[in-house]
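Asker: target_17.txt is reproduced in full below (compact mmCIF, C-alpha atoms and all ligand atoms).
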# COMPACT_ATOMS: atom_id res chain seq x y z
CA MET A 229 213.84 -5.09 267.04
CA THR A 230 216.50 -2.68 265.68
CA LYS A 231 215.31 0.24 263.58
CA VAL A 232 217.56 1.69 260.89
CA ILE A 233 216.97 5.42 260.54
CA THR A 234 218.46 8.25 258.51
CA THR A 235 216.88 11.20 260.35
CA ILE A 236 215.86 11.91 263.94
CA ASN A 237 212.12 12.27 264.44
CA GLU A 238 209.87 13.35 267.32
CA ASP A 239 209.33 9.73 268.39
CA ILE A 240 213.06 9.30 269.03
CA LEU A 241 213.32 12.68 270.72
CA SER A 242 210.56 11.65 273.14
CA LYS A 243 212.77 8.79 274.39
CA LYS A 244 215.77 8.77 276.70
CA ILE A 245 218.71 7.87 274.53
CA CYS A 246 222.14 6.46 275.23
CA PHE A 247 224.16 7.44 272.18
CA ILE A 248 227.17 5.58 270.76
CA PRO A 249 228.68 7.53 267.85
CA THR A 250 230.92 5.66 265.42
CA MET A 251 232.42 5.98 261.96
CA GLY A 252 231.57 2.37 261.13
CA ALA A 253 233.82 -0.63 260.43
CA ILE A 254 232.33 -2.01 263.63
CA HIS A 255 234.56 -4.28 265.72
CA GLU A 256 234.50 -5.79 269.18
CA GLY A 257 235.75 -2.54 270.69
CA HIS A 258 232.62 -0.78 269.43
CA LEU A 259 230.49 -3.66 270.69
CA SER A 260 231.99 -3.25 274.16
CA LEU A 261 230.78 0.39 274.02
CA VAL A 262 227.34 -0.83 272.92
CA ASP A 263 227.29 -3.18 275.92
CA LEU A 264 228.04 -0.27 278.24
CA GLY A 265 225.22 1.64 276.58
CA LYS A 266 222.81 -1.24 277.12
CA GLU A 267 223.68 -1.28 280.83
CA THR A 268 221.94 2.12 281.14
CA ASN A 269 218.63 0.44 280.19
CA LEU A 270 217.91 3.43 277.98
CA ASN A 271 217.25 3.25 274.25
CA THR A 272 220.58 2.71 272.53
CA LEU A 273 221.30 4.60 269.34
CA VAL A 274 224.47 3.92 267.33
CA SER A 275 225.37 6.34 264.57
CA ILE A 276 227.58 5.46 261.64
CA PHE A 277 228.85 8.58 259.96
CA LEU A 278 232.23 8.83 258.29
CA ASN A 279 232.99 12.44 259.10
CA ARG A 280 235.04 13.95 256.28
CA LYS A 281 235.75 17.06 258.39
CA GLN A 282 237.96 15.22 260.86
CA PHE A 283 240.32 13.86 258.21
CA ASN A 284 243.17 16.22 257.47
CA ASN A 285 244.20 13.95 254.62
CA THR A 286 241.83 13.05 251.75
CA GLU A 287 243.57 9.77 251.05
CA ASP A 288 243.07 8.71 254.67
CA PHE A 289 239.35 9.57 254.37
CA ILE A 290 238.96 7.60 251.12
CA ASN A 291 240.84 4.61 252.51
CA TYR A 292 239.01 4.50 255.84
CA PRO A 293 237.51 0.99 256.10
CA SER A 294 233.85 0.80 255.23
CA GLN A 295 231.51 -2.23 255.47
CA LEU A 296 228.03 -0.84 255.94
CA GLU A 297 225.96 -4.00 255.28
CA GLN A 298 228.09 -6.00 257.69
CA ASP A 299 227.96 -3.20 260.30
CA ILE A 300 224.17 -3.18 260.19
CA GLN A 301 224.02 -6.94 260.66
CA ILE A 302 226.48 -6.86 263.57
CA LEU A 303 224.66 -4.03 265.29
CA GLU A 304 221.27 -5.69 264.78
CA SER A 305 222.62 -8.88 266.39
CA SER A 306 223.98 -6.84 269.28
CA GLY A 307 220.44 -5.67 269.99
CA VAL A 308 220.81 -1.88 269.66
CA ASP A 309 217.51 -0.04 269.36
CA TYR A 310 218.47 2.35 266.58
CA ILE A 311 221.14 2.48 263.89
CA PHE A 312 221.40 6.04 262.66
CA LEU A 313 222.85 6.40 259.15
CA PRO A 314 222.67 10.09 258.32
CA GLU A 315 223.50 11.56 254.92
CA GLU A 316 226.26 14.15 254.87
CA SER A 317 223.72 16.84 253.88
CA TYR A 318 221.66 16.06 257.01
CA ILE A 319 224.68 16.45 259.30
CA TYR A 320 226.04 19.46 257.46
CA PRO A 321 223.25 21.49 255.86
CA SER A 322 224.56 24.57 254.10
CA GLN A 323 223.96 26.75 257.18
CA GLY A 324 223.48 26.62 260.91
CA VAL A 325 226.10 24.10 262.05
CA PRO A 326 228.60 25.85 264.30
CA THR A 327 232.25 24.95 264.01
CA VAL A 328 233.63 23.97 267.41
CA LEU A 329 237.24 24.93 268.06
CA PRO A 330 239.18 22.63 270.38
CA GLY A 331 241.47 25.23 272.02
CA LYS A 332 245.09 24.66 273.00
CA VAL A 333 244.87 20.96 273.83
CA GLY A 334 243.47 20.40 270.35
CA GLY A 335 246.76 21.57 268.88
CA ILE A 336 249.12 19.13 270.60
CA LEU A 337 249.87 15.41 270.04
CA GLU A 338 247.13 14.12 267.66
CA GLY A 339 246.15 17.71 266.89
CA LEU A 340 249.72 18.63 265.96
CA SER A 341 250.12 15.66 263.61
CA ARG A 342 246.59 15.97 262.21
CA PRO A 343 245.80 19.69 261.93
CA GLY A 344 242.06 20.37 262.03
CA HIS A 345 241.27 16.85 263.27
CA PHE A 346 239.77 17.83 266.61
CA GLU A 347 237.88 20.76 265.16
CA GLY A 348 236.23 18.20 262.86
CA VAL A 349 235.58 15.78 265.73
CA LEU A 350 234.06 18.37 268.07
CA THR A 351 231.99 19.93 265.31
CA VAL A 352 230.41 16.61 264.34
CA VAL A 353 229.96 15.38 267.92
CA ASN A 354 228.26 18.64 268.88
CA ARG A 355 226.04 18.42 265.79
CA LEU A 356 225.15 14.81 266.56
CA PHE A 357 224.39 15.69 270.19
CA ASP A 358 222.16 18.48 268.94
CA LEU A 359 220.26 16.11 266.63
CA VAL A 360 220.02 13.07 268.91
CA GLN A 361 219.61 14.93 272.24
CA PRO A 362 221.00 12.00 274.24
CA SER A 363 221.00 11.88 278.04
CA HIS A 364 224.07 9.59 277.95
CA ALA A 365 226.84 9.03 275.40
CA VAL A 366 229.57 6.39 275.28
CA PHE A 367 233.12 7.03 274.06
CA GLY A 368 236.17 4.78 274.14
CA LYS A 369 239.28 5.61 276.16
CA LYS A 370 241.55 4.64 273.26
CA ASP A 371 240.96 8.09 271.79
CA ALA A 372 242.08 9.71 275.03
CA GLN A 373 242.63 13.22 273.70
CA GLN A 374 239.30 13.12 271.85
CA LEU A 375 237.55 12.02 275.04
CA PHE A 376 239.23 14.80 277.03
CA LEU A 377 238.16 17.42 274.49
CA ILE A 378 234.58 16.12 274.27
CA LYS A 379 234.25 16.25 278.08
CA ASN A 380 235.64 19.80 277.96
CA MET A 381 233.11 20.78 275.31
CA ILE A 382 230.25 19.34 277.36
CA ASN A 383 231.37 21.42 280.34
CA GLU A 384 231.93 24.55 278.31
CA PHE A 385 228.57 24.35 276.50
CA ASP A 386 226.85 23.20 279.69
CA LEU A 387 225.32 20.21 277.91
CA ASN A 388 223.26 17.87 280.03
CA ILE A 389 224.89 14.66 278.79
CA LYS A 390 226.54 12.03 280.96
CA ILE A 391 229.64 10.55 279.38
CA ILE A 392 230.31 6.85 279.87
CA GLU A 393 233.94 5.88 279.23
CA GLY A 394 234.71 2.52 277.65
CA GLU A 395 237.95 0.72 278.48
CA ILE A 396 240.37 0.00 275.65
CA PHE A 397 239.54 -3.33 274.03
CA ARG A 398 242.69 -5.30 273.10
CA ASP A 399 243.33 -8.42 271.05
CA GLU A 400 245.08 -11.46 272.55
CA ASN A 401 248.50 -9.83 271.97
CA GLY A 402 247.58 -6.48 273.45
CA LEU A 403 246.94 -4.52 270.26
CA ALA A 404 244.18 -1.96 270.85
CA LEU A 405 241.24 -2.64 268.55
CA SER A 406 240.71 0.00 265.90
CA SER A 407 238.86 0.09 262.58
CA ARG A 408 242.19 0.88 260.96
CA ASN A 409 243.60 -2.50 262.07
CA LYS A 410 241.60 -4.01 259.19
CA HIS A 411 244.30 -2.62 256.88
CA LEU A 412 247.13 -4.46 258.70
CA SER A 413 248.58 -7.78 257.51
CA PRO A 414 248.68 -10.56 260.17
CA ALA A 415 252.44 -10.02 260.59
CA ALA A 416 251.98 -6.26 261.01
CA LYS A 417 249.22 -6.84 263.55
CA LEU A 418 251.58 -8.97 265.60
CA ASN A 419 254.34 -6.40 265.28
CA ALA A 420 251.91 -3.62 266.25
CA SER A 421 251.38 -5.31 269.61
CA ASN A 422 254.86 -3.97 270.46
CA ILE A 423 253.14 -0.61 270.89
CA PHE A 424 251.33 -1.86 273.98
CA SER A 425 254.37 -3.76 275.32
CA ASN A 426 256.30 -0.53 274.99
CA LEU A 427 253.66 1.40 276.95
CA LEU A 428 253.77 -1.24 279.67
CA TYR A 429 257.56 -1.07 279.78
CA VAL A 430 257.66 2.72 280.14
CA ALA A 431 254.83 2.67 282.69
CA ASN A 432 256.81 0.15 284.70
CA GLU A 433 259.92 2.34 284.60
CA ILE A 434 257.90 5.33 285.85
CA ASN A 435 256.19 3.28 288.53
CA SER A 436 259.56 2.17 289.79
CA GLY A 437 260.52 5.81 290.31
CA LYS A 438 262.56 6.48 287.15
CA ASP A 439 262.68 9.97 285.68
CA PHE A 440 259.71 10.74 283.36
CA LYS A 441 261.78 12.19 280.52
CA GLU A 442 264.40 9.44 280.58
CA SER A 443 261.73 6.72 280.63
CA VAL A 444 259.89 8.21 277.67
CA GLU A 445 263.16 8.66 275.77
CA LEU A 446 264.11 5.05 276.42
CA GLY A 447 260.66 3.89 275.28
CA SER A 448 260.90 5.99 272.11
CA ASN A 449 264.28 4.52 271.22
CA LEU A 450 263.08 0.98 271.86
CA ILE A 451 259.92 1.28 269.77
CA ASN A 452 261.83 2.65 266.81
CA GLN A 453 263.90 -0.54 266.71
CA ASN A 454 260.89 -2.53 265.52
CA GLU A 455 259.33 -1.91 262.11
CA ILE A 456 257.26 0.76 263.76
CA LYS A 457 257.58 4.44 262.94
CA LEU A 458 256.94 6.47 266.06
CA ASP A 459 255.08 9.76 265.74
CA TYR A 460 255.00 10.59 269.44
CA LEU A 461 255.28 8.96 272.83
CA ASP A 462 254.46 11.38 275.60
CA LEU A 463 253.27 11.73 279.15
CA VAL A 464 250.38 13.99 280.10
CA ASP A 465 248.51 14.79 283.27
CA GLU A 466 245.04 13.23 282.89
CA GLU A 467 243.42 16.31 284.48
CA ASN A 468 244.57 18.86 281.89
CA PHE A 469 246.54 17.02 279.19
CA LYS A 470 249.62 19.10 280.04
CA TYR A 471 253.07 17.73 280.76
CA PRO A 472 252.92 16.40 284.34
CA ASN A 473 254.39 18.38 287.21
CA LYS A 474 255.35 17.28 290.73
CA TYR A 475 251.69 17.45 291.85
CA SER A 476 250.39 15.22 289.04
CA ARG A 477 249.04 11.93 290.31
CA LYS A 478 247.11 10.52 287.36
CA LEU A 479 249.19 10.33 284.21
CA LYS A 480 248.51 9.09 280.75
CA LEU A 481 251.22 7.75 278.53
CA VAL A 482 250.03 8.37 274.98
CA ILE A 483 251.46 7.08 271.74
CA ALA A 484 250.89 7.35 267.99
CA ALA A 485 252.89 5.25 265.55
CA TYR A 486 252.74 3.91 262.04
CA VAL A 487 252.88 0.23 261.19
CA GLU A 488 252.78 -0.55 257.46
CA ASP A 489 251.92 3.15 257.05
CA ILE A 490 248.75 2.72 259.13
CA ARG A 491 248.42 5.23 261.94
CA LEU A 492 247.70 3.62 265.30
CA ILE A 493 247.15 5.28 268.66
CA ASP A 494 247.09 3.86 272.15
CA ASN A 495 247.53 4.94 275.76
CA ILE A 496 247.87 3.64 279.27
CA ASP A 497 247.00 5.13 282.66
CA ILE A 498 249.73 5.50 285.26
CA LYS A 499 248.88 6.37 288.86
CA ILE A 500 251.74 7.66 290.97
O1 LIG A 601 235.83 8.10 267.61
C1 LIG A 601 235.24 8.12 266.51
O2 LIG A 601 234.91 7.09 265.93
C2 LIG A 601 234.91 9.47 265.90
O3 LIG A 601 235.90 10.40 266.14
C3 LIG A 601 233.53 10.01 266.33
C4 LIG A 601 233.49 10.28 267.83
C5 LIG A 601 232.45 9.01 265.97
C6 LIG A 601 233.23 11.32 265.62
O4 LIG A 601 233.22 11.17 264.24
Would you encode the structure as structure tokens?
Answerer:
Amino acid sequence: MTKVITTINEDILSKKICFIPTMGAIHEGHLSLVDLGKETNLNTLVSIFLNRKQFNNTEDFINYPSQLEQDIQILESSGVDYIFLPEESYIYPSQGVPTVLPGKVGGILEGLSRPGHFEGVLTVVNRLFDLVQPSHAVFGKKDAQQLFLIKNMINEFDLNIKIIEGEIFRDENGLALSSRNKHLSPAAKLNASNIFSNLLYVANEINSGKDFKESVELGSNLINQNEIKLDYLDLVDEENFKYPNKYSRKLKLVIAAYVEDIRLIDNIDIKI
């Protein structure tokens, strides 16, 4: 039986928790993270908290999809143990919540286009970790830079939390599931699947030995021919999120683009 809670009490703290943080507008991608959480056989706790601090743009915050009643129903049917719905004042009391700075990697790619975004993400995730005290936490690989920075924070702060990474959940055309997709028209959704085809194309070029820069340039030109406005398409070394060098073996091709003015991100792993 799922319990809906707004604060964390001693009873919850006495349990071993697998934590799945979300900002709501639950979709199948979130549910795949819940499934991974359930595989731990620990108590699963899903938070829904729309974190104002990680939005660099007020309009984006206001327009972020929200469907709380439906989310609760979906999560109850998925069999999670707790749904945590904190008030903003519980997450951010007037004092005592440290701001977490993301460092250099927080200022590139998503961080460059959305100044302050990762500071907001790390600050809330650290605060949630502090409240929930999970032994495990699940994050999706779609937000690759976020995942990298959270793992960094865990190392840096020496937190005893095991991170479980969820694969990107895609629709039948390859579009990565995201709460923001709810704002896309059916035609835009179909068009947005070009983002993934483009990643596959560039990955294929790189795998067949083509030059990194040329492949990315080609991919950027191709994607801009659709009704897609590219923000960035870039290659990073998975180990450090820097531009790959001749020793890099595990690469990530990361992309952010706008379709019907909705910002979408995606990525693909390339092993060379
Ligand atoms: O990935 C998200 O949904 C959010 O960035 C997170 C991790 C829940 C923090 O607000």
Asker: May I have the residues within 7 Å of ligand LIG 601 (chain A), computed using all atoms listed in the file, as a JSON list (two decimals) with C-alpha atoms, keeping the file's coordinate frame?
Answerer:
[["chain", "number", "residue", "atom", "x", "y", "z"],
["A", 249, "PRO", "CA", 228.68, 7.53, 267.85],
["A", 250, "THR", "CA", 230.92, 5.66, 265.42],
["A", 251, "MET", "CA", 232.42, 5.98, 261.96],
["A", 277, "PHE", "CA", 228.85, 8.58, 259.96],
["A", 278, "LEU", "CA", 232.23, 8.83, 258.29],
["A", 279, "ASN", "CA", 232.99, 12.44, 259.10],
["A", 349, "VAL", "CA", 235.58, 15.78, 265.73],
["A", 352, "VAL", "CA", 230.41, 16.61, 264.34],
["A", 353, "VAL", "CA", 229.96, 15.38, 267.92],
["A", 371, "ASP", "CA", 240.96, 8.09, 271.79]]
Asker: Quick check, in Å to one decimal: how far apart do atom CA of A:Asp465 and atom CA of A:Asp399 lie?
Answerer: 26.7 Å
Asker: Kindly assemble as CSV a list of the stretch 385-493 of chain A residues that lie within 10 Å of stretch 252-257 of chain A, each paired with its nearest atom pair and their distance in Å to one decimal, using only C-alpha atoms, sorted first by chain and then by ascending residue number.
Answerer:
residue,atom,partner,partner_atom,distance
A:Gly394,CA,A:Gly257,CA,8.7
A:Glu395,CA,A:Gly257,CA,8.7
A:Ile396,CA,A:Gly257,CA,7.2
A:Phe397,CA,A:Gly257,CA,5.1
A:Arg398,CA,A:Gly257,CA,7.8
A:Asp399,CA,A:Glu256,CA,9.4
A:Ala404,CA,A:Gly257,CA,8.5
A:Leu405,CA,A:Gly257,CA,5.9
A:Ser406,CA,A:Gly257,CA,7.3
A:Ser407,CA,A:Ala253,CA,5.5
A:Arg408,CA,A:Ala253,CA,8.5
A:Asn409,CA,A:His255,CA,9.9
A:Lys410,CA,A:Ala253,CA,8.6
Asker: Which one of A:Phe357, A:Phe289, A:Tyr310, A:Phe440 sits closest to A:Ser476 if you count all atoms listed in the file?
Answerer: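 Of all the options, A:Phe440 lies closest to A:Ser476.
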Asker: I want to know what sits within 7 Å of A:Ile456, based on all atoms listed in the file, with residues of the same chain fewer than 3 positions away left out; could you give that as a list in words?
Answerer: Ile451, Asn452, Ala485, Tyr486 and Val487 of chain A
Asker: For A:Ile392, list every protein, DNA or RNA residue within 9 Å, evaluated using only C-alpha atoms, and leave out those in the same chain fewer than 6 positions away; present the list as a CSV table (one decimal) with C-alpha atoms, in the coordinates of the input.
Answerer:
chain,number,residue,atom,x,y,z
A,261,LEU,CA,230.8,0.4,274.0
A,264,LEU,CA,228.0,-0.3,278.2
A,265,GLY,CA,225.2,1.6,276.6
A,364,HIS,CA,224.1,9.6,278.0
A,365,ALA,CA,226.8,9.0,275.4
A,366,VAL,CA,229.6,6.4,275.3
A,367,PHE,CA,233.1,7.0,274.1
A,368,GLY,CA,236.2,4.8,274.1
Asker: Using only C-alpha atoms, find the one residue out of A:Ile302, A:Ala431, A:Glu315, A:Cys246 that sits nearest to A:Lys390.
Answerer: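 Smallest distance to A:Lys390 is found for A:Cys246.
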Asker: Grab the atom CA of A:Pro414 to atom CA of A:Leu458 distance for me, in Å with one decimal place.
Answerer: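 Result for atom CA of A:Pro414 versus atom CA of A:Leu458: 19.8 Å, one decimal.
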Asker: When you draw a straight line from atom CA of A:Ile336 to atom CA of A:Asn401, how long is it in Å?
Answerer: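 It comes out at 29.0 Å.
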Asker: Considering all atoms listed in the file, can you say which of A:Ile245, A:Asn449, A:Lys281, A:Leu479 comes closest to A:Glu316?
Answerer: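 Closest residue, counting all atoms listed in the file: A:Lys281.
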Asker: Where atoms are absent from stretch 325-343 of chain A, fill them in so it carries N, CA, C and O atoms, then output it as a compact mmCIF listing (two decimals), keeping the file's coordinate frame.
Answerer:
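Heads up, here's the output in result.txt:
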# COMPACT_ATOMS: atom_id res chain seq x y z
N VAL A 325 225.33 25.04 261.22
CA VAL A 325 226.10 24.10 262.05
C VAL A 325 227.36 24.81 262.53
O VAL A 325 228.26 25.09 261.74
N PRO A 326 227.42 25.11 263.82
CA PRO A 326 228.60 25.85 264.30
C PRO A 326 229.86 24.98 264.29
O PRO A 326 229.80 23.79 264.59
N THR A 327 230.96 25.63 263.92
CA THR A 327 232.25 24.95 264.01
C THR A 327 232.72 25.06 265.45
O THR A 327 232.64 26.13 266.05
N VAL A 328 233.16 23.94 266.02
CA VAL A 328 233.63 23.97 267.41
C VAL A 328 235.16 23.90 267.42
O VAL A 328 235.74 22.95 266.89
N LEU A 329 235.77 24.90 268.01
CA LEU A 329 237.24 24.93 268.06
C LEU A 329 237.71 24.23 269.33
O LEU A 329 237.13 24.41 270.40
N PRO A 330 238.77 23.44 269.23
CA PRO A 330 239.18 22.63 270.38
C PRO A 330 240.09 23.34 271.38
O PRO A 330 240.40 22.76 272.41
N GLY A 331 240.57 24.56 271.08
CA GLY A 331 241.47 25.23 272.02
C GLY A 331 242.87 24.62 271.99
O GLY A 331 243.19 23.82 271.11
N LYS A 332 243.66 25.01 273.00
CA LYS A 332 245.09 24.66 273.00
C LYS A 332 245.36 23.16 272.95
O LYS A 332 246.21 22.70 272.19
N VAL A 333 244.61 22.41 273.77
CA VAL A 333 244.87 20.96 273.83
C VAL A 333 244.60 20.30 272.48
O VAL A 333 245.19 19.27 272.14
N GLY A 334 243.76 20.94 271.68
CA GLY A 334 243.47 20.40 270.35
C GLY A 334 244.62 20.57 269.37
O GLY A 334 244.58 20.01 268.27
N GLY A 335 245.65 21.32 269.79
CA GLY A 335 246.76 21.57 268.88
C GLY A 335 248.01 20.77 269.21
O GLY A 335 249.04 20.94 268.56
N ILE A 336 247.93 19.93 270.25
CA ILE A 336 249.12 19.13 270.60
C ILE A 336 248.89 17.66 270.21
O ILE A 336 247.77 17.27 269.87
N LEU A 337 249.93 16.86 270.29
CA LEU A 337 249.87 15.41 270.04
C LEU A 337 249.09 15.09 268.76
O LEU A 337 249.51 15.46 267.68
N GLU A 338 247.90 14.44 268.88
CA GLU A 338 247.13 14.12 267.66
C GLU A 338 246.83 15.37 266.85
O GLU A 338 246.84 15.37 265.63
N GLY A 339 246.54 16.46 267.56
CA GLY A 339 246.15 17.71 266.89
C GLY A 339 247.32 18.34 266.14
O GLY A 339 247.11 19.03 265.14
N LEU A 340 248.54 18.08 266.62
CA LEU A 340 249.72 18.63 265.96
C LEU A 340 249.99 17.83 264.68
O LEU A 340 250.31 18.39 263.63
N SER A 341 249.85 16.52 264.78
CA SER A 341 250.12 15.66 263.61
C SER A 341 248.98 15.69 262.61
O SER A 341 249.17 15.38 261.45
N ARG A 342 247.76 15.99 263.10
CA ARG A 342 246.59 15.97 262.21
C ARG A 342 245.84 17.30 262.34
O ARG A 342 244.77 17.36 262.96
N PRO A 343 246.41 18.36 261.74
CA PRO A 343 245.80 19.69 261.93
C PRO A 343 244.32 19.69 261.51
O PRO A 343 243.96 19.13 260.48
